[in-house]
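S.K.: One file is attached below, my_file20.cif, containing mmCIF, C-alpha atoms.
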data_structure
loop_
_atom_site.group_PDB
_atom_site.id
_atom_site.type_symbol
_atom_site.label_atom_id
_atom_site.label_comp_id
_atom_site.auth_asym_id
_atom_site.auth_seq_id
_atom_site.Cartn_x
_atom_site.Cartn_y
_atom_site.Cartn_z
ATOM 1 C CA MET Q 1 -21.035 59.251 0.107
ATOM 2 C CA CYS Q 2 -21.682 61.328 3.178
ATOM 3 C CA LEU Q 3 -19.377 60.780 6.203
ATOM 4 C CA PHE Q 4 -20.482 63.620 8.480
ATOM 5 C CA ALA Q 5 -23.488 63.778 10.737
ATOM 6 C CA GLY Q 6 -24.206 67.312 9.571
ATOM 7 C CA CYS Q 7 -24.685 65.975 6.160
ATOM 8 C CA SER Q 8 -27.570 63.713 7.155
ATOM 9 C CA LYS Q 9 -31.078 64.415 5.955
ATOM 10 C CA PRO Q 10 -33.142 66.695 8.179
ATOM 11 C CA ALA Q 11 -35.865 65.003 10.197
ATOM 12 C CA PRO Q 12 -39.133 65.040 8.266
ATOM 13 C CA GLU Q 13 -41.559 67.702 9.356
ATOM 14 C CA ALA Q 14 -44.815 66.643 10.937
ATOM 15 C CA PRO Q 15 -47.483 66.315 8.242
ATOM 16 C CA PRO Q 16 -49.820 69.275 8.057
ATOM 17 C CA PRO Q 17 -53.240 68.763 9.572
ATOM 18 C CA PRO Q 18 -55.726 67.486 7.020
ATOM 19 C CA ALA Q 19 -57.431 70.291 5.166
ATOM 20 C CA ALA Q 20 -61.135 70.728 5.671
ATOM 21 C CA PRO Q 21 -63.035 68.933 2.918
ATOM 22 C CA PRO Q 22 -64.009 71.226 0.068
ATOM 23 C CA TYR Q 23 -67.564 69.947 -0.004
ATOM 24 C CA HIS Q 24 -70.348 71.253 2.186
ATOM 25 C CA PRO Q 25 -73.524 69.257 2.792
ATOM 26 C CA VAL Q 26 -76.585 71.431 2.314
ATOM 27 C CA ALA Q 27 -79.475 68.981 2.480
ATOM 28 C CA SER Q 28 -80.211 66.625 5.344
ATOM 29 C CA ILE Q 29 -80.325 62.849 4.876
ATOM 30 C CA ARG Q 30 -84.127 63.040 4.892
ATOM 31 C CA GLU Q 31 -84.026 65.657 2.150
ATOM 32 C CA VAL Q 32 -81.527 63.683 0.078
ATOM 33 C CA MET Q 33 -83.834 60.688 0.425
ATOM 34 C CA ASN Q 34 -86.914 62.681 -0.587
ATOM 35 C CA SER Q 35 -85.292 64.748 -3.343
ATOM 36 C CA VAL Q 36 -82.639 62.487 -4.819
ATOM 37 C CA ILE Q 37 -83.019 58.831 -3.890
ATOM 38 C CA ASP Q 38 -86.775 58.244 -3.696
ATOM 39 C CA PRO Q 39 -87.997 59.972 -6.873
ATOM 40 C CA ASN Q 40 -85.230 58.434 -8.936
ATOM 41 C CA VAL Q 41 -85.507 54.912 -7.587
ATOM 42 C CA ASP Q 42 -89.238 55.170 -8.340
ATOM 43 C CA VAL Q 43 -88.318 55.785 -11.981
ATOM 44 C CA VAL Q 44 -86.186 52.622 -11.960
ATOM 45 C CA TRP Q 45 -88.950 50.608 -10.266
ATOM 46 C CA ASN Q 46 -91.720 51.936 -12.485
ATOM 47 C CA ALA Q 47 -89.791 51.406 -15.711
ATOM 48 C CA VAL Q 48 -90.868 47.770 -15.930
ATOM 49 C CA LYS Q 49 -94.153 46.378 -14.642
ATOM 50 C CA THR Q 50 -97.221 44.441 -15.692
ATOM 51 C CA VAL Q 51 -100.693 45.883 -15.236
ATOM 52 C CA ILE Q 52 -103.440 43.275 -15.443
ATOM 53 C CA ASP Q 53 -106.708 45.139 -15.991
ATOM 54 C CA HIS Q 54 -109.816 42.916 -15.961
ATOM 55 C CA GLY Q 55 -107.632 39.945 -16.858
ATOM 56 C CA LYS Q 56 -105.849 41.705 -19.707
ATOM 57 C CA PRO Q 57 -102.096 42.075 -19.070
ATOM 58 C CA THR Q 58 -100.187 45.067 -20.390
ATOM 59 C CA GLU Q 59 -96.414 44.987 -20.164
ATOM 60 C CA HIS Q 60 -94.711 48.310 -19.447
ATOM 61 C CA ALA Q 61 -91.037 48.811 -20.345
ATOM 62 C CA PRO Q 62 -88.909 51.559 -21.876
ATOM 63 C CA ALA Q 63 -89.894 51.653 -25.535
ATOM 64 C CA ASN Q 64 -87.058 53.597 -27.161
ATOM 65 C CA ASP Q 65 -83.521 54.903 -26.617
ATOM 66 C CA GLU Q 66 -84.810 58.073 -25.020
ATOM 67 C CA GLU Q 67 -86.836 56.190 -22.415
ATOM 68 C CA TRP Q 68 -83.957 53.836 -21.624
ATOM 69 C CA ALA Q 69 -81.684 56.885 -21.232
ATOM 70 C CA ALA Q 70 -84.142 58.438 -18.793
ATOM 71 C CA VAL Q 71 -84.103 55.295 -16.629
ATOM 72 C CA ARG Q 72 -80.297 55.192 -16.800
ATOM 73 C CA HIS Q 73 -80.184 58.809 -15.681
ATOM 74 C CA SER Q 74 -82.235 57.923 -12.604
ATOM 75 C CA ALA Q 75 -80.254 54.752 -11.849
ATOM 76 C CA LEU Q 76 -77.015 56.764 -11.958
ATOM 77 C CA THR Q 77 -78.529 59.461 -9.764
ATOM 78 C CA VAL Q 78 -79.400 56.898 -7.091
ATOM 79 C CA SER Q 79 -75.916 55.358 -7.380
ATOM 80 C CA GLU Q 80 -74.241 58.703 -6.822
ATOM 81 C CA GLY Q 81 -76.863 59.664 -4.247
ATOM 82 C CA ALA Q 82 -75.517 56.827 -2.122
ATOM 83 C CA ASN Q 83 -72.235 58.768 -1.916
ATOM 84 C CA LEU Q 84 -74.139 61.769 -0.583
ATOM 85 C CA LEU Q 85 -75.539 59.585 2.197
ATOM 86 C CA MET Q 86 -71.999 58.589 3.233
ATOM 87 C CA MET Q 87 -70.653 62.149 3.407
ATOM 88 C CA PRO Q 88 -69.771 63.020 6.999
ATOM 89 C CA GLY Q 89 -71.305 66.115 8.520
ATOM 90 C CA ARG Q 90 -74.754 65.715 7.010
ATOM 91 C CA ALA Q 91 -77.678 66.285 9.364
ATOM 92 C CA VAL Q 92 -80.339 63.589 9.591
ATOM 93 C CA ALA Q 93 -83.247 66.025 9.129
ATOM 94 C CA PRO Q 94 -83.731 69.786 8.862
ATOM 95 C CA PRO Q 95 -83.387 71.722 12.146
ATOM 96 C CA GLY Q 96 -86.416 71.284 14.369
ATOM 97 C CA ALA Q 97 -87.870 68.383 12.392
ATOM 98 C CA GLY Q 98 -89.173 65.424 14.322
ATOM 99 C CA SER Q 99 -90.167 61.867 13.557
ATOM 100 C CA LEU Q 100 -92.518 61.521 10.596
ATOM 101 C CA SER Q 101 -94.434 58.900 12.583
ATOM 102 C CA PRO Q 102 -93.759 59.383 16.306
ATOM 103 C CA GLY Q 103 -93.569 56.121 18.208
ATOM 104 C CA ILE Q 104 -93.111 54.139 14.990
ATOM 105 C CA GLU Q 105 -90.299 55.787 13.044
ATOM 106 C CA LEU Q 106 -87.335 57.150 15.000
ATOM 107 C CA ALA Q 107 -86.772 60.845 15.622
ATOM 108 C CA PRO Q 108 -83.756 62.423 13.870
ATOM 109 C CA ASP Q 109 -81.653 62.470 17.064
ATOM 110 C CA GLN Q 110 -82.307 58.749 17.545
ATOM 111 C CA VAL Q 111 -81.294 58.028 13.952
ATOM 112 C CA ARG Q 112 -78.178 60.181 14.509
ATOM 113 C CA ALA Q 113 -77.274 58.131 17.589
ATOM 114 C CA LEU Q 114 -77.579 54.895 15.609
ATOM 115 C CA ILE Q 115 -75.417 56.229 12.770
ATOM 116 C CA ASP Q 116 -72.792 57.530 15.214
ATOM 117 C CA LYS Q 117 -72.803 54.183 16.994
ATOM 118 C CA SER Q 118 -72.146 52.337 13.745
ATOM 119 C CA PRO Q 119 -70.871 54.628 10.993
ATOM 120 C CA SER Q 120 -69.383 51.619 9.221
ATOM 121 C CA GLY Q 121 -72.770 49.893 9.295
ATOM 122 C CA TRP Q 122 -74.401 52.989 7.837
ATOM 123 C CA ASN Q 123 -71.780 53.231 5.108
ATOM 124 C CA GLN Q 124 -72.127 49.519 4.353
ATOM 125 C CA PHE Q 125 -75.828 49.970 3.650
ATOM 126 C CA ALA Q 126 -75.118 53.006 1.467
ATOM 127 C CA ARG Q 127 -72.534 51.018 -0.474
ATOM 128 C CA ALA Q 128 -74.971 48.120 -0.733
ATOM 129 C CA LEU Q 129 -77.502 50.528 -2.227
ATOM 130 C CA GLN Q 130 -74.897 51.692 -4.722
ATOM 131 C CA GLU Q 131 -73.957 48.109 -5.593
ATOM 132 C CA SER Q 132 -77.608 47.088 -5.945
ATOM 133 C CA LEU Q 133 -77.875 49.593 -8.796
ATOM 134 C CA GLN Q 134 -75.115 47.887 -10.776
ATOM 135 C CA PRO Q 135 -77.322 45.037 -12.100
ATOM 136 C CA ALA Q 136 -79.949 47.648 -12.950
ATOM 137 C CA LEU Q 137 -77.428 49.693 -14.922
ATOM 138 C CA ALA Q 138 -76.206 46.553 -16.692
ATOM 139 C CA ALA Q 139 -79.804 45.620 -17.562
ATOM 140 C CA ILE Q 140 -80.451 49.132 -18.860
ATOM 141 C CA ASP Q 141 -77.330 49.015 -21.016
ATOM 142 C CA LYS Q 142 -78.537 45.711 -22.474
ATOM 143 C CA LYS Q 143 -82.096 47.061 -22.773
ATOM 144 C CA ASP Q 144 -83.274 43.956 -20.900
ATOM 145 C CA PRO Q 145 -86.640 44.649 -19.158
ATOM 146 C CA GLN Q 146 -86.771 41.333 -17.271
ATOM 147 C CA ALA Q 147 -83.277 41.828 -15.834
ATOM 148 C CA LEU Q 148 -84.195 45.394 -14.846
ATOM 149 C CA PHE Q 149 -87.352 44.132 -13.122
ATOM 150 C CA GLU Q 150 -85.347 41.554 -11.163
ATOM 151 C CA ALA Q 151 -82.740 44.181 -10.263
ATOM 152 C CA GLY Q 152 -85.505 46.391 -8.878
ATOM 153 C CA ASP Q 153 -86.427 43.731 -6.378
ATOM 154 C CA LYS Q 154 -82.852 43.591 -5.030
ATOM 155 C CA ILE Q 155 -82.743 47.379 -4.676
ATOM 156 C CA ASP Q 156 -85.885 47.245 -2.541
ATOM 157 C CA GLU Q 157 -84.337 44.577 -0.294
ATOM 158 C CA VAL Q 158 -81.382 46.860 0.437
ATOM 159 C CA CYS Q 159 -83.655 49.856 1.130
ATOM 160 C CA GLU Q 160 -85.840 47.882 3.513
ATOM 161 C CA SER Q 161 -82.872 46.270 5.303
ATOM 162 C CA CYS Q 162 -81.322 49.659 6.032
ATOM 163 C CA HIS Q 163 -84.630 51.191 7.105
ATOM 164 C CA GLN Q 164 -85.198 48.354 9.558
ATOM 165 C CA VAL Q 165 -81.862 49.115 11.229
ATOM 166 C CA PHE Q 166 -81.671 52.912 11.132
ATOM 167 C CA TRP Q 167 -85.221 54.220 10.686
ATOM 168 C CA TYR Q 168 -87.833 51.937 12.216
ATOM 169 C CA PRO Q 169 -85.998 49.165 14.062
ATOM 170 C CA GLU Q 170 -88.867 48.421 16.465
ATOM 171 C CA GLN Q 171 -91.756 48.684 14.070
ATOM 172 C CA GLY Q 172 -92.154 44.962 13.312
ATOM 173 C CA ALA Q 173 -92.408 44.151 17.000
ATOM 174 C CA SER Q 174 -94.774 47.041 17.815
ATOM 175 C CA ALA Q 175 -97.058 46.204 14.876
ATOM 176 C CA SER Q 176 -97.157 42.580 16.019
ATOM 177 C CA ALA Q 177 -98.087 43.605 19.571
ATOM 178 C CA ALA Q 178 -100.826 45.930 18.323
ATOM 179 C CA SER Q 179 -102.314 43.335 15.984
ATOM 180 C CA ALA Q 180 -102.220 40.714 18.774
ATOM 181 C CA GLN Q 181 -104.217 43.073 21.004
ATOM 182 C CA ALA Q 182 -106.735 43.635 18.208
ATOM 183 C CA ARG Q 183 -107.310 39.903 17.700
ATOM 184 C CA MET V 184 -98.191 77.690 -24.047
ATOM 185 C CA LYS V 185 -101.286 76.786 -22.055
ATOM 186 C CA THR V 186 -101.065 73.223 -23.352
ATOM 187 C CA LYS V 187 -97.415 73.018 -22.303
ATOM 188 C CA PHE V 188 -98.228 74.293 -18.813
ATOM 189 C CA PHE V 189 -101.063 71.811 -18.504
ATOM 190 C CA LEU V 190 -98.743 68.986 -19.567
ATOM 191 C CA VAL V 191 -96.163 69.998 -16.968
ATOM 192 C CA LEU V 192 -98.880 70.017 -14.311
ATOM 193 C CA LEU V 193 -100.087 66.618 -15.468
ATOM 194 C CA VAL V 194 -96.619 65.056 -15.394
ATOM 195 C CA THR V 195 -95.819 66.648 -12.024
ATOM 196 C CA GLY V 196 -99.086 65.351 -10.613
ATOM 197 C CA ALA V 197 -98.383 61.873 -11.926
ATOM 198 C CA LEU V 198 -94.894 61.899 -10.429
ATOM 199 C CA CYS V 199 -96.252 63.018 -7.058
ATOM 200 C CA ALA V 200 -98.809 60.218 -7.143
ATOM 201 C CA VAL V 201 -96.092 57.678 -7.870
ATOM 202 C CA GLN V 202 -93.912 59.071 -5.115
ATOM 203 C CA SER V 203 -96.617 58.948 -2.500
ATOM 204 C CA ALA V 204 -97.580 55.453 -3.569
ATOM 205 C CA HIS V 205 -94.045 54.110 -3.384
ATOM 206 C CA ALA V 206 -92.395 56.070 -0.610
ATOM 207 C CA HIS V 207 -90.931 53.687 1.914
ATOM 208 C CA HIS V 208 -92.366 53.855 5.392
ATOM 209 C CA ALA V 209 -92.773 51.560 8.335
ATOM 210 C CA PHE V 210 -95.833 49.287 8.088
ATOM 211 C CA ALA V 211 -97.430 50.843 11.168
ATOM 212 C CA ALA V 212 -96.880 54.358 9.813
ATOM 213 C CA GLU V 213 -99.252 53.682 6.917
ATOM 214 C CA TYR V 214 -101.485 50.852 8.147
ATOM 215 C CA ASP V 215 -103.342 50.273 11.405
ATOM 216 C CA PRO V 216 -102.374 46.941 12.981
ATOM 217 C CA THR V 217 -105.416 47.268 15.288
ATOM 218 C CA LYS V 218 -107.791 47.301 12.288
ATOM 219 C CA PRO V 219 -107.673 43.903 10.643
ATOM 220 C CA LEU V 220 -110.170 43.448 7.806
ATOM 221 C CA THR V 221 -111.507 40.799 5.477
ATOM 222 C CA LEU V 222 -112.467 41.936 1.984
ATOM 223 C CA ASN V 223 -114.669 39.767 -0.194
ATOM 224 C CA GLY V 224 -115.070 41.114 -3.688
ATOM 225 C CA VAL V 225 -114.066 41.276 -7.337
ATOM 226 C CA VAL V 226 -110.461 41.931 -8.313
ATOM 227 C CA THR V 227 -110.507 44.453 -11.148
ATOM 228 C CA LYS V 228 -106.809 45.144 -11.551
ATOM 229 C CA MET V 229 -103.400 43.980 -10.407
ATOM 230 C CA GLU V 230 -100.165 45.933 -10.729
ATOM 231 C CA TRP V 231 -97.280 43.460 -10.763
ATOM 232 C CA ALA V 232 -94.676 46.074 -9.868
ATOM 233 C CA ASN V 233 -91.708 46.864 -7.639
ATOM 234 C CA PRO V 234 -91.292 47.584 -4.823
ATOM 235 C CA HIS V 235 -94.880 46.478 -4.031
ATOM 236 C CA GLY V 236 -97.703 44.962 -5.977
ATOM 237 C CA TRP V 237 -101.154 46.557 -5.892
ATOM 238 C CA ILE V 238 -104.476 44.738 -6.037
ATOM 239 C CA TYR V 239 -107.574 46.761 -6.880
ATOM 240 C CA MET V 240 -110.760 45.225 -5.544
ATOM 241 C CA ASP V 241 -114.438 46.194 -5.552
ATOM 242 C CA THR V 242 -116.523 45.182 -2.557
ATOM 243 C CA LYS V 243 -120.233 45.624 -2.054
ATOM 244 C CA GLU V 244 -121.182 47.714 0.980
ATOM 245 C CA LYS V 245 -124.212 47.041 3.177
ATOM 246 C CA ASN V 246 -126.071 49.968 1.555
ATOM 247 C CA GLY V 247 -125.534 48.451 -1.902
ATOM 248 C CA SER V 248 -122.789 50.845 -2.994
ATOM 249 C CA VAL V 249 -119.475 49.611 -4.344
ATOM 250 C CA LYS V 250 -116.241 50.442 -2.527
ATOM 251 C CA HIS V 251 -113.018 50.530 -4.547
ATOM 252 C CA TRP V 252 -110.084 49.212 -2.521
ATOM 253 C CA THR V 253 -106.371 49.617 -3.206
ATOM 254 C CA ILE V 254 -104.436 46.838 -1.532
ATOM 255 C CA GLU V 255 -100.666 46.815 -1.161
ATOM 256 C CA THR V 256 -98.930 43.467 -1.508
ATOM 257 C CA ALA V 257 -95.384 42.215 -1.205
ATOM 258 C CA ALA V 258 -92.944 42.635 -4.085
ATOM 259 C CA PRO V 259 -93.630 40.406 -7.108
ATOM 260 C CA SER V 260 -90.619 38.199 -6.346
ATOM 261 C CA GLN V 261 -92.170 37.407 -2.939
ATOM 262 C CA LEU V 262 -95.568 36.748 -4.515
ATOM 263 C CA SER V 263 -93.949 34.346 -6.985
ATOM 264 C CA ARG V 264 -92.070 32.636 -4.170
ATOM 265 C CA HIS V 265 -95.423 31.921 -2.512
ATOM 266 C CA GLY V 266 -96.850 30.503 -5.740
ATOM 267 C CA LEU V 267 -98.935 33.398 -7.031
ATOM 268 C CA LYS V 268 -98.697 34.069 -10.774
ATOM 269 C CA LYS V 269 -99.732 36.911 -13.034
ATOM 270 C CA ALA V 270 -101.940 34.413 -14.879
ATOM 271 C CA ASP V 271 -104.005 33.928 -11.696
ATOM 272 C CA PHE V 272 -105.545 37.392 -12.218
ATOM 273 C CA VAL V 273 -108.335 36.609 -14.653
ATOM 274 C CA ASP V 274 -111.251 38.803 -15.667
ATOM 275 C CA GLY V 275 -114.100 38.905 -13.159
ATOM 276 C CA MET V 276 -112.256 36.941 -10.501
ATOM 277 C CA THR V 277 -113.657 36.951 -6.995
ATOM 278 C CA ALA V 278 -111.306 36.662 -4.047
ATOM 279 C CA VAL V 279 -110.976 37.170 -0.332
ATOM 280 C CA VAL V 280 -108.193 39.381 0.988
ATOM 281 C CA LYS V 281 -107.280 39.563 4.660
ATOM 282 C CA GLY V 282 -105.167 42.472 5.791
ATOM 283 C CA TYR V 283 -105.093 45.771 7.653
ATOM 284 C CA GLN V 284 -106.735 49.093 6.908
ATOM 285 C CA GLY V 285 -104.820 52.224 5.961
ATOM 286 C CA LYS V 286 -104.477 54.888 8.632
ATOM 287 C CA THR V 287 -105.409 57.910 6.560
ATOM 288 C CA ASP V 288 -107.138 56.418 3.521
ATOM 289 C CA PRO V 289 -110.100 54.193 4.500
ATOM 290 C CA ALA V 290 -110.040 52.525 1.065
ATOM 291 C CA LEU V 291 -106.361 51.564 1.372
ATOM 292 C CA ALA V 292 -105.281 48.237 2.840
ATOM 293 C CA ASN V 293 -102.199 46.137 3.290
ATOM 294 C CA GLY V 294 -102.925 42.571 2.225
ATOM 295 C CA ARG V 295 -101.711 39.586 4.214
ATOM 296 C CA THR V 296 -103.472 36.683 2.489
ATOM 297 C CA LEU V 297 -105.305 36.253 -0.813
ATOM 298 C CA VAL V 298 -107.722 33.355 -1.264
ATOM 299 C CA LEU V 299 -108.953 32.658 -4.784
ATOM 300 C CA LYS V 300 -112.336 31.184 -5.738
ATOM 301 C CA ASP V 301 -110.754 27.771 -6.351
ATOM 302 C CA GLY V 302 -109.606 27.696 -2.730
ATOM 303 C CA ARG V 303 -105.912 28.359 -3.296
ATOM 304 C CA SER V 304 -104.480 30.635 -0.618
ATOM 305 C CA PHE V 305 -101.402 32.841 -0.970
ATOM 306 C CA TYR V 306 -99.385 34.867 1.480
ATOM 307 C CA ILE V 307 -99.089 38.388 0.023
ATOM 308 C CA GLY V 308 -97.795 40.333 3.057
ATOM 309 C CA SER V 309 -95.061 42.941 2.800
ATOM 310 C CA VAL V 310 -91.830 42.788 4.747
ATOM 311 C CA GLY V 311 -92.179 44.342 8.201
ATOM 312 C CA GLY V 312 -95.854 43.592 8.770
ATOM 313 C CA PRO V 313 -97.148 42.239 12.062
ATOM 314 C CA ASN V 314 -96.284 38.707 13.025
ATOM 315 C CA ASP V 315 -99.931 37.605 13.035
ATOM 316 C CA GLY V 316 -99.494 34.023 11.884
ATOM 317 C CA ALA V 317 -100.431 34.818 8.265
ATOM 318 C CA GLU V 318 -96.895 34.241 6.992
ATOM 319 C CA PRO V 319 -96.180 30.565 6.286
ATOM 320 C CA ARG V 320 -93.238 29.144 8.219
#
Can you turn what I pasted into structure tokens?
M.R.:
Amino acid sequence: MCLFAGCSKPAPEAPPPPAAPPYHPVASIREVMNSVIDPNVDVVWNAVKTVIDHGKPTEHAPANDEEWAAVRHSALTVSEGANLLMMPGRAVAPPGAGSLSPGIELAPDQVRALIDKSPSGWNQFARALQESLQPALAAIDKKDPQALFEAGDKIDEVCESCHQVFWYPEQGASASAASAQAR
Amino acid sequence: MKTKFFLVLLVTGALCAVQSAHAHHAFAAEYDPTKPLTLNGVVTKMEWANPHGWIYMDTKEKNGSVKHWTIETAAPSQLSRHGLKKADFVDGMTAVVKGYQGKTDPALANGRTLVLKDGRSFYIGSVGGPNDGAEPR
């Protein structure tokens, strides 16, 4: 038992400032999309489809363990790619790059402003992308082409929803106005 | 060695083609909302695939030549929701597609409606297209 004030515990020191994260983003969001997300989600989407040529349907699906493993590889890459999108400090596009479609798709600084305005919204979409891959991974593990096909549709919904908020929020309205003028 | 190199080139080329065909972009970045079109022809092929379906159609030009169109549609789940089935794509089928022309490829279109020979009409438009009244309410 301690009866003297001098015996009391010293006041805790202020916690040290958080260390700088060990990671360092190299690619921009646009580059992560083009190099990591897009090519790999294409593998997931293309894994199962039906091609009807002159009325004759041909079903396409992974045919062996190796092909299923390749699709799983891509599905995992997209899942982890979603984490890359959430990493703070990543530029939207390489220095000096502009909009890919001026007047239709936002310029990088406009996308940056939207992300900074709602970082939680941005992260929610990235998490939704990651979660949308879970049914695809489950379908792959069961080697179930129909379930993988249905999962692909949900992945696309998440992609499009995010793009409509952060990449081309006005495009539906501008396309409608242009088509109305053309009619 | 030469064969291996050729195979790598072939696979890379195929991957690039897939990427360009499926890369997500705004509707108006790829298609011209001021260029509506009506295509009347023979459907030769349909790709029932995510994230978009693709209809391949041959139309006869005024000079007698045949033009091969590639027409983007909504995702298969959307097509099914509007009543279209894979079994509707029979050999030699004629159809009318209304949509919008591609900006850079004059043989590319984004379909809005598909009318079959038996008169059945389907909404086939992708998400984000113009609000032109084609989409059923």
S.K.: Residues at most 6 Å from stretch 294-306 of chain V, counting all atoms listed in the file, excluding those fewer than 4 positions away in the same chain, as a ChimeraX atom specification?
M.R.: /V:254-256,278-282
S.K.: Given the file shown, determine the residues that the PyMOL selection byres ((chain V) within 9 of (chain Q)) selects; report them as a PDB file with C-alpha atoms, in the frame of the given file.
M.R.:
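Result went into expr-v1.pdb, see below:
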ATOM      1  CA  LEU V 198     -94.894  61.899 -10.429  1.00  0.00           C
ATOM      2  CA  CYS V 199     -96.252  63.018  -7.058  1.00  0.00           C
ATOM      3  CA  VAL V 201     -96.092  57.678  -7.870  1.00  0.00           C
ATOM      4  CA  GLN V 202     -93.912  59.071  -5.115  1.00  0.00           C
ATOM      5  CA  HIS V 205     -94.045  54.110  -3.384  1.00  0.00           C
ATOM      6  CA  ALA V 206     -92.395  56.070  -0.610  1.00  0.00           C
ATOM      7  CA  HIS V 207     -90.931  53.687   1.914  1.00  0.00           C
ATOM      8  CA  HIS V 208     -92.366  53.855   5.392  1.00  0.00           C
ATOM      9  CA  ALA V 209     -92.773  51.560   8.335  1.00  0.00           C
ATOM     10  CA  PHE V 210     -95.833  49.287   8.088  1.00  0.00           C
ATOM     11  CA  ALA V 211     -97.430  50.843  11.168  1.00  0.00           C
ATOM     12  CA  ALA V 212     -96.880  54.358   9.813  1.00  0.00           C
ATOM     13  CA  ASP V 215    -103.342  50.273  11.405  1.00  0.00           C
ATOM     14  CA  PRO V 216    -102.374  46.941  12.981  1.00  0.00           C
ATOM     15  CA  THR V 217    -105.416  47.268  15.288  1.00  0.00           C
ATOM     16  CA  LYS V 218    -107.791  47.301  12.288  1.00  0.00           C
ATOM     17  CA  PRO V 219    -107.673  43.903  10.643  1.00  0.00           C
ATOM     18  CA  VAL V 226    -110.461  41.931  -8.313  1.00  0.00           C
ATOM     19  CA  THR V 227    -110.507  44.453 -11.148  1.00  0.00           C
ATOM     20  CA  LYS V 228    -106.809  45.144 -11.551  1.00  0.00           C
ATOM     21  CA  MET V 229    -103.400  43.980 -10.407  1.00  0.00           C
ATOM     22  CA  GLU V 230    -100.165  45.933 -10.729  1.00  0.00           C
ATOM     23  CA  TRP V 231     -97.280  43.460 -10.763  1.00  0.00           C
ATOM     24  CA  ALA V 232     -94.676  46.074  -9.868  1.00  0.00           C
ATOM     25  CA  ASN V 233     -91.708  46.864  -7.639  1.00  0.00           C
ATOM     26  CA  PRO V 234     -91.292  47.584  -4.823  1.00  0.00           C
ATOM     27  CA  ALA V 258     -92.944  42.635  -4.085  1.00  0.00           C
ATOM     28  CA  PRO V 259     -93.630  40.406  -7.108  1.00  0.00           C
ATOM     29  CA  SER V 260     -90.619  38.199  -6.346  1.00  0.00           C
ATOM     30  CA  LYS V 269     -99.732  36.911 -13.034  1.00  0.00           C
ATOM     31  CA  ALA V 270    -101.940  34.413 -14.879  1.00  0.00           C
ATOM     32  CA  ASP V 271    -104.005  33.928 -11.696  1.00  0.00           C
ATOM     33  CA  PHE V 272    -105.545  37.392 -12.218  1.00  0.00           C
ATOM     34  CA  VAL V 273    -108.335  36.609 -14.653  1.00  0.00           C
ATOM     35  CA  ASP V 274    -111.251  38.803 -15.667  1.00  0.00           C
ATOM     36  CA  GLY V 275    -114.100  38.905 -13.159  1.00  0.00           C
ATOM     37  CA  MET V 276    -112.256  36.941 -10.501  1.00  0.00           C
ATOM     38  CA  VAL V 310     -91.830  42.788   4.747  1.00  0.00           C
ATOM     39  CA  GLY V 311     -92.179  44.342   8.201  1.00  0.00           C
ATOM     40  CA  GLY V 312     -95.854  43.592   8.770  1.00  0.00           C
ATOM     41  CA  PRO V 313     -97.148  42.239  12.062  1.00  0.00           C
ATOM     42  CA  ASN V 314     -96.284  38.707  13.025  1.00  0.00           C
ATOM     43  CA  ASP V 315     -99.931  37.605  13.035  1.00  0.00           C
TER      44      ASP V 315
END
S.K.: Using the chain letters and numbers from the file, which residues does the PyMOL selection byres ((chain Q and resi 143) around 12) grab, as JSON, numbers by chain?
M.R.: {"Q": [47, 48, 61, 62, 63, 64, 65, 66, 67, 68, 69, 71, 72, 135, 136, 137, 138, 139, 140, 141, 142, 144, 145, 146, 147, 148, 149]}
S.K.: Which residues, written as a list in words, have at least one atom at most 8 Å from stretch 123-134 of chain Q, with all atoms listed in the file counted and residues fewer than 5 positions away on the same chain left out?
M.R.: Ala75, Leu76, Val78, Ser79, Glu80, Ala82, Asn83, Leu85, Met86, Ala151, Lys154, Ile155, Val158, Cys159 and Cys162 of chain Q
S.K.: Residues as selected, C-alpha atoms, written as a CSV table (one decimal), in the coordinates of the input, can you do that?
M.R.:
chain,number,residue,atom,x,y,z
Q,75,ALA,CA,-80.3,54.8,-11.8
Q,76,LEU,CA,-77.0,56.8,-12.0
Q,78,VAL,CA,-79.4,56.9,-7.1
Q,79,SER,CA,-75.9,55.4,-7.4
Q,80,GLU,CA,-74.2,58.7,-6.8
Q,82,ALA,CA,-75.5,56.8,-2.1
Q,83,ASN,CA,-72.2,58.8,-1.9
Q,85,LEU,CA,-75.5,59.6,2.2
Q,86,MET,CA,-72.0,58.6,3.2
Q,151,ALA,CA,-82.7,44.2,-10.3
Q,154,LYS,CA,-82.9,43.6,-5.0
Q,155,ILE,CA,-82.7,47.4,-4.7
Q,158,VAL,CA,-81.4,46.9,0.4
Q,159,CYS,CA,-83.7,49.9,1.1
Q,162,CYS,CA,-81.3,49.7,6.0
S.K.: For atom CA of Q:Val111 and atom CA of Q:Val92, determine how far apart the two atoms are, in Å to one decimal place.
M.R.: 7.1 Å
S.K.: List, as a list in words, every residue that the PyMOL selection byres ((chain Q and resi 97) around 10) selects in the file provided.
M.R.: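 Answer for the PyMOL selection byres ((chain Q and resi 97) around 10): Arg30, Val92, Ala93, Pro94, Pro95, Gly96, Gly98, Ser99, Leu100, Ala107, Pro108 and Asp109 of chain Q.
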S.K.: Excluding V:His251 and its own-chain neighbours fewer than 5 positions away, which residues fall within 9 Å of it when counting only C-alpha atoms? Please give them as a list in words.
M.R.: Tyr239, Met240, Asp241, Thr242, Ala290 and Leu291 of chain V
S.K.: V:Thr221, V:His265, V:Pro319, V:Asn293: which is nearest V:Thr253, counting all atoms listed in the file?
M.R.: V:Asn293
